[in-house]
>>> print(open('model.tsv').read())   # TSV, C-alpha atoms and all ligand atoms
chain	number	residue	atom	x	y	z
A	1460	MET	CA	-2.38	6.01	-19.15
A	1461	ALA	CA	-5.12	4.06	-17.44
A	1462	ASP	CA	-2.98	0.99	-17.97
A	1463	MET	CA	-0.01	2.51	-16.21
A	1464	ARG	CA	-2.16	3.50	-13.30
A	1465	LEU	CA	-3.53	0.01	-12.99
A	1466	THR	CA	-0.04	-1.42	-13.16
A	1467	LEU	CA	1.06	0.81	-10.32
A	1468	LEU	CA	-2.00	-0.06	-8.29
A	1469	PHE	CA	-1.39	-3.71	-8.93
A	1470	ALA	CA	2.21	-3.32	-7.82
A	1471	LEU	CA	1.04	-1.64	-4.62
A	1472	CYS	CA	-1.41	-4.43	-3.91
A	1473	GLN	CA	1.29	-7.01	-4.39
A	1474	LEU	CA	3.56	-5.60	-1.75
A	1475	PRO	CA	2.09	-6.34	1.65
A	1476	GLY	CA	2.32	-10.09	1.34
A	1477	SER	CA	5.92	-9.92	0.26
A	1478	LEU	CA	7.18	-8.05	3.28
A	1479	ALA	CA	8.47	-10.69	5.60
A	1480	LEU	CA	9.62	-9.60	9.01
A	1481	PRO	CA	12.61	-11.77	9.79
A	1482	LEU	CA	14.10	-9.18	12.11
A	1483	ARG	CA	11.19	-8.86	14.46
A	1484	GLN	CA	12.94	-10.53	17.36
A	1485	GLU	CA	16.13	-8.55	16.93
A	1486	ALA	CA	14.73	-5.16	17.81
A	1487	GLY	CA	13.82	-5.31	21.45
A	1488	GLY	CA	11.51	-2.73	22.91
A	1489	LEU	CA	9.50	-1.99	19.80
A	1490	GLY	CA	5.78	-2.58	19.95
A	1491	GLN	CA	3.59	-4.30	17.41
A	1492	LEU	CA	2.16	-0.96	16.37
A	1493	GLN	CA	5.59	0.40	15.49
A	1494	TRP	CA	6.33	-2.67	13.39
A	1495	GLU	CA	3.08	-2.21	11.54
A	1496	GLN	CA	3.77	1.49	11.01
A	1497	ALA	CA	7.20	0.66	9.66
A	1498	GLU	CA	5.78	-1.94	7.28
A	1499	ASN	CA	3.17	0.52	6.02
A	1500	TYR	CA	5.74	3.26	5.61
A	1501	LEU	CA	8.10	1.11	3.57
A	1502	GLU	CA	5.24	-0.22	1.45
A	1503	ARG	CA	4.12	3.29	0.61
A	1504	PHE	CA	7.32	5.18	0.15
A	1505	TYR	CA	9.76	2.54	-1.09
A	1506	VAL	CA	7.69	1.20	-3.96
A	1507	HIS	CA	9.30	-1.06	-6.53
A	1508	ASN	CA	8.10	-2.38	-9.79
A	1509	SER	CA	10.86	-4.95	-9.59
A	1510	LYS	CA	9.75	-8.54	-9.75
A	1511	ARG	CA	12.88	-9.66	-7.91
A	1512	LYS	CA	11.70	-10.84	-4.56
A	1513	GLU	CA	14.73	-9.56	-2.67
A	1514	ALA	CA	14.01	-5.98	-3.83
A	1515	ASN	CA	10.77	-6.05	-1.91
A	1516	THR	CA	11.74	-7.54	1.42
A	1517	PHE	CA	11.36	-5.52	4.59
A	1518	GLU	CA	15.11	-5.52	5.15
A	1519	THR	CA	15.99	-4.32	1.63
A	1520	LYS	CA	13.47	-1.54	1.77
A	1521	LEU	CA	14.54	-0.51	5.24
A	1522	LYS	CA	18.17	-0.34	4.08
A	1523	GLU	CA	17.10	1.75	1.15
A	1524	MET	CA	15.26	4.12	3.46
A	1525	GLN	CA	18.26	4.33	5.80
A	1526	ARG	CA	20.48	5.12	2.83
A	1527	PHE	CA	18.08	7.79	1.61
A	1528	PHE	CA	17.99	9.53	4.98
A	1529	GLY	CA	21.74	9.18	5.58
A	1530	LEU	CA	21.34	6.81	8.53
A	1531	PRO	CA	23.58	3.81	9.26
A	1532	VAL	CA	22.47	1.14	6.78
A	1533	THR	CA	21.76	-1.76	9.11
A	1534	GLY	CA	18.44	-3.11	7.81
A	1535	LYS	CA	17.30	-3.09	11.43
A	1536	LEU	CA	14.49	-1.06	12.87
A	1537	ASN	CA	15.44	1.30	15.69
A	1538	SER	CA	14.09	4.38	17.39
A	1539	ARG	CA	15.89	6.80	15.05
A	1540	VAL	CA	14.27	5.19	12.02
A	1541	ILE	CA	10.86	5.22	13.71
A	1542	GLU	CA	11.28	8.87	14.58
A	1543	ILE	CA	11.73	9.76	10.89
A	1544	MET	CA	8.83	7.53	9.90
A	1545	GLN	CA	6.51	9.39	12.27
A	1546	LYS	CA	7.27	12.84	10.83
A	1547	PRO	CA	4.63	14.49	8.66
A	1548	ARG	CA	5.68	14.16	5.04
A	1549	CYS	CA	4.81	14.27	1.38
A	1550	GLY	CA	2.86	11.31	0.01
A	1551	VAL	CA	5.10	10.81	-3.01
A	1552	PRO	CA	7.37	7.75	-2.67
A	1553	ASP	CA	11.10	8.32	-2.20
A	1554	VAL	CA	12.22	5.77	-4.76
A	1555	ALA	CA	9.51	5.21	-7.34
A	1556	GLU	CA	8.34	7.95	-9.62
A	1557	PHE	CA	4.82	9.15	-8.99
A	1558	SER	CA	4.43	9.22	-12.72
A	1559	LEU	CA	1.48	8.01	-14.73
A	1560	SER	CA	3.30	7.66	-17.99
A	1561	PRO	CA	6.69	6.36	-19.05
A	1562	GLY	CA	9.34	8.69	-20.38
A	1563	PRO	CA	11.08	11.76	-19.02
A	1564	SER	CA	9.24	13.66	-16.34
A	1565	LYS	CA	9.24	17.19	-17.62
A	1566	TRP	CA	6.90	19.48	-19.50
A	1567	PRO	CA	7.80	19.68	-23.18
A	1568	PHE	CA	7.11	23.45	-23.15
A	1569	ASN	CA	8.10	26.37	-20.93
A	1570	ILE	CA	4.78	28.16	-20.60
A	1571	ILE	CA	2.67	26.24	-18.13
A	1572	SER	CA	-0.90	26.87	-17.03
A	1573	TYR	CA	-2.26	26.28	-13.55
A	1574	ARG	CA	-5.65	26.43	-11.94
A	1575	ILE	CA	-6.63	26.49	-8.27
A	1576	VAL	CA	-9.67	24.25	-8.26
A	1577	SER	CA	-10.54	24.20	-4.55
A	1578	TYR	CA	-9.45	25.85	-1.33
A	1579	THR	CA	-8.82	25.25	2.35
A	1580	SER	CA	-11.02	27.05	4.87
A	1581	ASP	CA	-7.89	27.71	6.99
A	1582	LEU	CA	-6.75	30.62	4.81
A	1583	PRO	CA	-8.52	33.35	2.83
A	1584	GLN	CA	-8.70	32.46	-0.86
A	1585	ASP	CA	-6.63	35.43	-1.96
A	1586	VAL	CA	-3.88	34.35	0.44
A	1587	VAL	CA	-3.90	30.86	-1.09
A	1588	ASP	CA	-3.73	32.46	-4.56
A	1589	GLU	CA	-0.78	34.61	-3.52
A	1590	ILE	CA	1.08	31.71	-1.94
A	1591	VAL	CA	0.67	29.49	-5.00
A	1592	ALA	CA	1.93	32.33	-7.21
A	1593	LYS	CA	4.88	32.87	-4.87
A	1594	ALA	CA	5.73	29.13	-4.84
A	1595	LEU	CA	5.67	29.02	-8.64
A	1596	SER	CA	7.84	32.13	-8.84
A	1597	LEU	CA	10.51	30.46	-6.73
A	1598	TRP	CA	10.84	27.87	-9.52
A	1599	SER	CA	10.44	30.27	-12.46
A	1600	GLU	CA	13.11	32.64	-11.08
A	1601	LYS	CA	15.72	29.97	-11.71
A	1602	THR	CA	14.48	28.63	-15.05
A	1603	PRO	CA	12.99	29.79	-18.36
A	1604	LEU	CA	9.57	28.61	-17.12
A	1605	LYS	CA	6.56	30.93	-17.10
A	1606	PHE	CA	3.29	30.22	-15.35
A	1607	TYR	CA	-0.14	31.62	-16.08
A	1608	ARG	CA	-3.31	31.11	-14.16
A	1609	VAL	CA	-6.62	30.02	-15.64
A	1610	LYS	CA	-9.87	30.12	-13.71
A	1611	SER	CA	-11.82	27.48	-15.57
A	1612	GLY	CA	-11.30	24.44	-17.75
A	1613	ILE	CA	-8.27	22.18	-17.76
A	1614	ALA	CA	-4.85	23.52	-16.83
A	1615	ASP	CA	-1.53	21.68	-16.95
A	1616	ILE	CA	-1.29	21.89	-13.16
A	1617	MET	CA	-4.61	21.52	-11.33
A	1618	ILE	CA	-4.24	22.44	-7.64
A	1619	SER	CA	-6.79	21.29	-5.10
A	1620	PHE	CA	-7.47	20.68	-1.43
A	1621	ALA	CA	-9.22	17.41	-0.71
A	1622	ARG	CA	-9.77	14.98	2.12
A	1623	GLY	CA	-9.82	11.19	2.24
A	1624	VAL	CA	-10.63	9.45	-1.02
A	1625	HIS	CA	-10.51	12.13	-3.72
A	1626	GLY	CA	-10.50	10.62	-7.16
A	1627	ASP	CA	-7.02	9.15	-7.53
A	1628	PHE	CA	-5.61	5.98	-6.04
A	1629	TYR	CA	-3.95	7.78	-3.14
A	1630	PRO	CA	-6.52	8.69	-0.47
A	1631	PHE	CA	-5.47	11.16	2.22
A	1632	ASP	CA	-5.23	10.07	5.82
A	1633	GLY	CA	-6.66	12.77	8.10
A	1634	PRO	CA	-4.46	15.15	10.12
A	1635	GLY	CA	-0.71	14.45	10.19
A	1636	ASN	CA	1.32	11.85	8.32
A	1637	THR	CA	0.73	12.48	4.62
A	1638	LEU	CA	0.24	16.20	3.95
A	1639	ALA	CA	0.04	16.41	0.17
A	1640	HIS	CA	1.15	14.78	-3.05
A	1641	ALA	CA	1.64	15.72	-6.67
A	1642	PHE	CA	2.03	13.96	-9.97
A	1643	ALA	CA	4.90	14.26	-12.42
A	1644	PRO	CA	4.23	16.18	-15.65
A	1645	GLY	CA	1.78	14.59	-18.06
A	1646	LEU	CA	-1.80	14.54	-19.26
A	1647	GLY	CA	-4.81	14.00	-16.98
A	1648	LEU	CA	-3.64	13.82	-13.36
A	1649	GLY	CA	-0.10	14.55	-14.53
A	1650	GLY	CA	1.25	17.72	-12.92
A	1651	ASP	CA	-1.66	17.99	-10.50
A	1652	ALA	CA	-1.01	18.84	-6.85
A	1653	HIS	CA	-3.34	17.75	-4.04
A	1654	PHE	CA	-3.23	19.05	-0.46
A	1655	ASP	CA	-4.86	17.25	2.45
A	1656	LYS	CA	-7.79	19.36	3.62
A	1657	ASP	CA	-7.55	17.73	7.04
A	1658	GLU	CA	-4.25	19.47	7.79
A	1659	HIS	CA	-4.23	22.88	9.38
A	1660	TRP	CA	-2.69	25.10	6.70
A	1661	THR	CA	-1.08	28.38	7.65
A	1662	ASP	CA	0.63	31.30	5.99
A	1663	SER	CA	3.86	32.69	7.37
A	1664	SER	CA	2.12	34.57	10.16
A	1665	SER	CA	1.69	31.48	12.29
A	1666	SER	CA	3.98	28.67	13.24
A	1667	LEU	CA	1.10	26.40	14.28
A	1668	GLY	CA	0.08	24.14	11.46
A	1669	ILE	CA	1.65	23.40	8.11
A	1670	ASN	CA	3.28	26.24	6.21
A	1671	PHE	CA	1.42	26.23	2.90
A	1672	LEU	CA	4.13	28.13	1.02
A	1673	TYR	CA	6.69	25.52	1.94
A	1674	ALA	CA	4.40	22.57	1.10
A	1675	ALA	CA	3.24	24.19	-2.17
A	1676	THR	CA	6.81	24.86	-3.29
A	1677	HIS	CA	7.65	21.23	-2.59
A	1678	GLU	CA	4.60	19.77	-4.35
A	1679	LEU	CA	4.93	22.08	-7.35
A	1680	GLY	CA	8.52	20.82	-7.62
A	1681	HIS	CA	6.98	17.39	-8.24
A	1682	SER	CA	4.49	18.94	-10.69
A	1683	LEU	CA	7.52	20.13	-12.67
A	1684	GLY	CA	9.22	16.74	-12.61
A	1685	LEU	CA	11.46	16.70	-9.54
A	1686	GLY	CA	11.65	13.71	-7.22
A	1687	HIS	CA	12.65	13.65	-3.57
A	1688	SER	CA	16.08	14.72	-2.47
A	1689	SER	CA	18.17	13.25	0.35
A	1690	ASP	CA	19.63	16.69	0.98
A	1691	PHE	CA	18.16	17.85	4.28
A	1692	ASP	CA	18.37	21.50	3.21
A	1693	ALA	CA	16.45	20.92	-0.02
A	1694	VAL	CA	12.80	21.89	-0.39
A	1695	MET	CA	12.45	18.50	-2.10
A	1696	TYR	CA	13.42	16.65	1.09
A	1697	PRO	CA	10.42	14.37	1.80
A	1698	THR	CA	9.59	15.20	5.42
A	1699	TYR	CA	8.08	18.46	6.54
A	1700	LYS	CA	10.45	20.61	8.55
A	1701	THR	CA	8.63	22.35	11.38
A	1702	GLU	CA	11.45	24.84	11.83
A	1703	GLU	CA	10.93	26.13	8.30
A	1704	LYS	CA	10.75	29.91	8.27
A	1705	GLN	CA	8.63	32.25	6.22
A	1706	ASP	CA	11.43	33.47	4.00
A	1707	PHE	CA	12.93	30.17	2.94
A	1708	LYS	CA	14.66	29.84	-0.40
A	1709	LEU	CA	15.32	27.01	-2.79
A	1710	ALA	CA	18.49	25.15	-1.80
A	1711	PRO	CA	21.38	24.70	-4.28
A	1712	ASP	CA	20.25	21.08	-4.68
A	1713	ASP	CA	16.73	22.17	-5.75
A	1714	ILE	CA	18.14	24.70	-8.21
A	1715	LYS	CA	20.51	22.13	-9.67
A	1716	GLY	CA	17.62	19.70	-10.11
A	1717	ILE	CA	15.21	22.11	-11.79
A	1718	GLN	CA	17.91	23.56	-14.07
A	1719	LYS	CA	18.88	20.04	-15.13
A	1720	LEU	CA	15.32	19.63	-16.41
A	1721	TYR	CA	14.65	23.07	-17.93
A	1722	GLY	CA	17.94	24.93	-18.13
A	1723	LYS	CA	18.86	28.29	-16.66
A	1724	ARG	CA	16.92	31.47	-16.99
A	1801	ZN	ZN	7.25	15.16	-2.16
A	1802	ZN	ZN	-4.53	13.00	-4.78
>>> encode(input="model.tsv", output="structure tokens")
Amino acid sequence: MADMRLTLLFALCQLPGSLALPLRQEAGGLGQLQWEQAENYLERFYVHNSKRKEANTFETKLKEMQRFFGLPVTGKLNSRVIEIMQKPRCGVPDVAEFSLSPGPSKWPFNIISYRIVSYTSDLPQDVVDEIVAKALSLWSEKTPLKFYRVKSGIADIMISFARGVHGDFYPFDGPGNTLAHAFAPGLGLGGDAHFDKDEHWTDSSSSLGINFLYAATHELGHSLGLGHSSDFDAVMYPTYKTEEKQDFKLAPDDIKGIQKLYGKR
């Protein structure tokens, strides 16, 4: 597992130098900062292990991103693309699996343990507990999965709030931008879900801040093996939707995805 992690890290380190910017002159009106943001975004969320050089150019990645988000696939940076790039989102890449081990990303059993290791000071602990249980129930309602909570030791899914560098290779970035990330099923970090402590987390009573139920449902989807969906209505869509209401449900696309992995209830 350590090897896989190193490989991924190595792949990430390789990317910046390979992103040429041949289109810089073609997009008038965009500042240097926006170009840099776009480069960073594509490096982080459109990760390839491919050794083919053309798979890692700025233009190829941008086209891939445009395809993912259902935008015209031009390979050119414009304000609509930038607007999406500036939305708060999940830290898991849209194309590469955030998986530490090869093989299918699902738990080989239906009874899964979880532990809430640390909390945010934005919400009372019992509210966090309730929201995590609610998020898990949204997934277990549609599948044969059962979740049980442990209060000490190692659980399959370890849930924590952390800021900045926090023990994996994916440091958080302060308020905004990346809100959380989670790892596909597996040993060690596998299945774990991390939430950025620097966000302002809220329950359904407030619309200011990030709705923890929504984010937890999304991240726990990754913990169960789901990747990002291009379906705007799906919980597994990568950007955070500010209009999300308290009583949201899984979308048909989410249900299809989870049942493909674990079957129906
Ligand atoms: Zn995600
Ligand atoms: Zn993390």
>>> closest_residue(input="model.tsv", among="A:Ser1596, A:Gln1718, A:Thr1579, A:Ser1564", to="A:Glu1658", atoms="all atoms listed in the file")
A:Thr1579
>>> atom_distance(input="model.tsv", atom1="atom CA of A:Phe1528", atom2="atom CA of A:Ala1710")
17.0 Å
>>> atom_distance(input="model.tsv", atom1="atom CA of A:Ser1611", atom2="atom CA of A:Ile1575")
9.0 Å
>>> closest_residue(input="model.tsv", among="A:Lys1593, A:His1659, A:Lys1520, A:Lys1565", to="A:Leu1672", atoms="only C-alpha atoms")
A:Lys1593
>>> residues_near_ligand(input="model.tsv", ligand="ligand ZN 1802 (chain A)", cutoff="6 Å", atoms="only C-alpha atoms and all ligand atoms", output="JSON, numbers by chain")
{"A": [1627, 1629, 1653]}
>>> write_last_selection(input="model.tsv", atoms="C-alpha atoms", output="short mmCIF file (atom, residue, chain, number, x, y, z; two decimals), in the frame of the given file")
data_model
loop_
_atom_site.label_atom_id
_atom_site.label_comp_id
_atom_site.auth_asym_id
_atom_site.auth_seq_id
_atom_site.Cartn_x
_atom_site.Cartn_y
_atom_site.Cartn_z
CA ASP A 1627 -7.02 9.15 -7.53
CA TYR A 1629 -3.95 7.78 -3.14
CA HIS A 1653 -3.34 17.75 -4.04
#
>>> closest_residue(input="model.tsv", among="A:Phe1517, A:Phe1631, A:Tyr1607, A:Phe1504", to="ligand ZN 1801 (chain A)", atoms="all atoms listed in the file")
A:Phe1504
>>> atom_distance(input="model.tsv", atom1="atom CA of A:Leu1597", atom2="atom CA of A:Asp1713")
10.4 Å
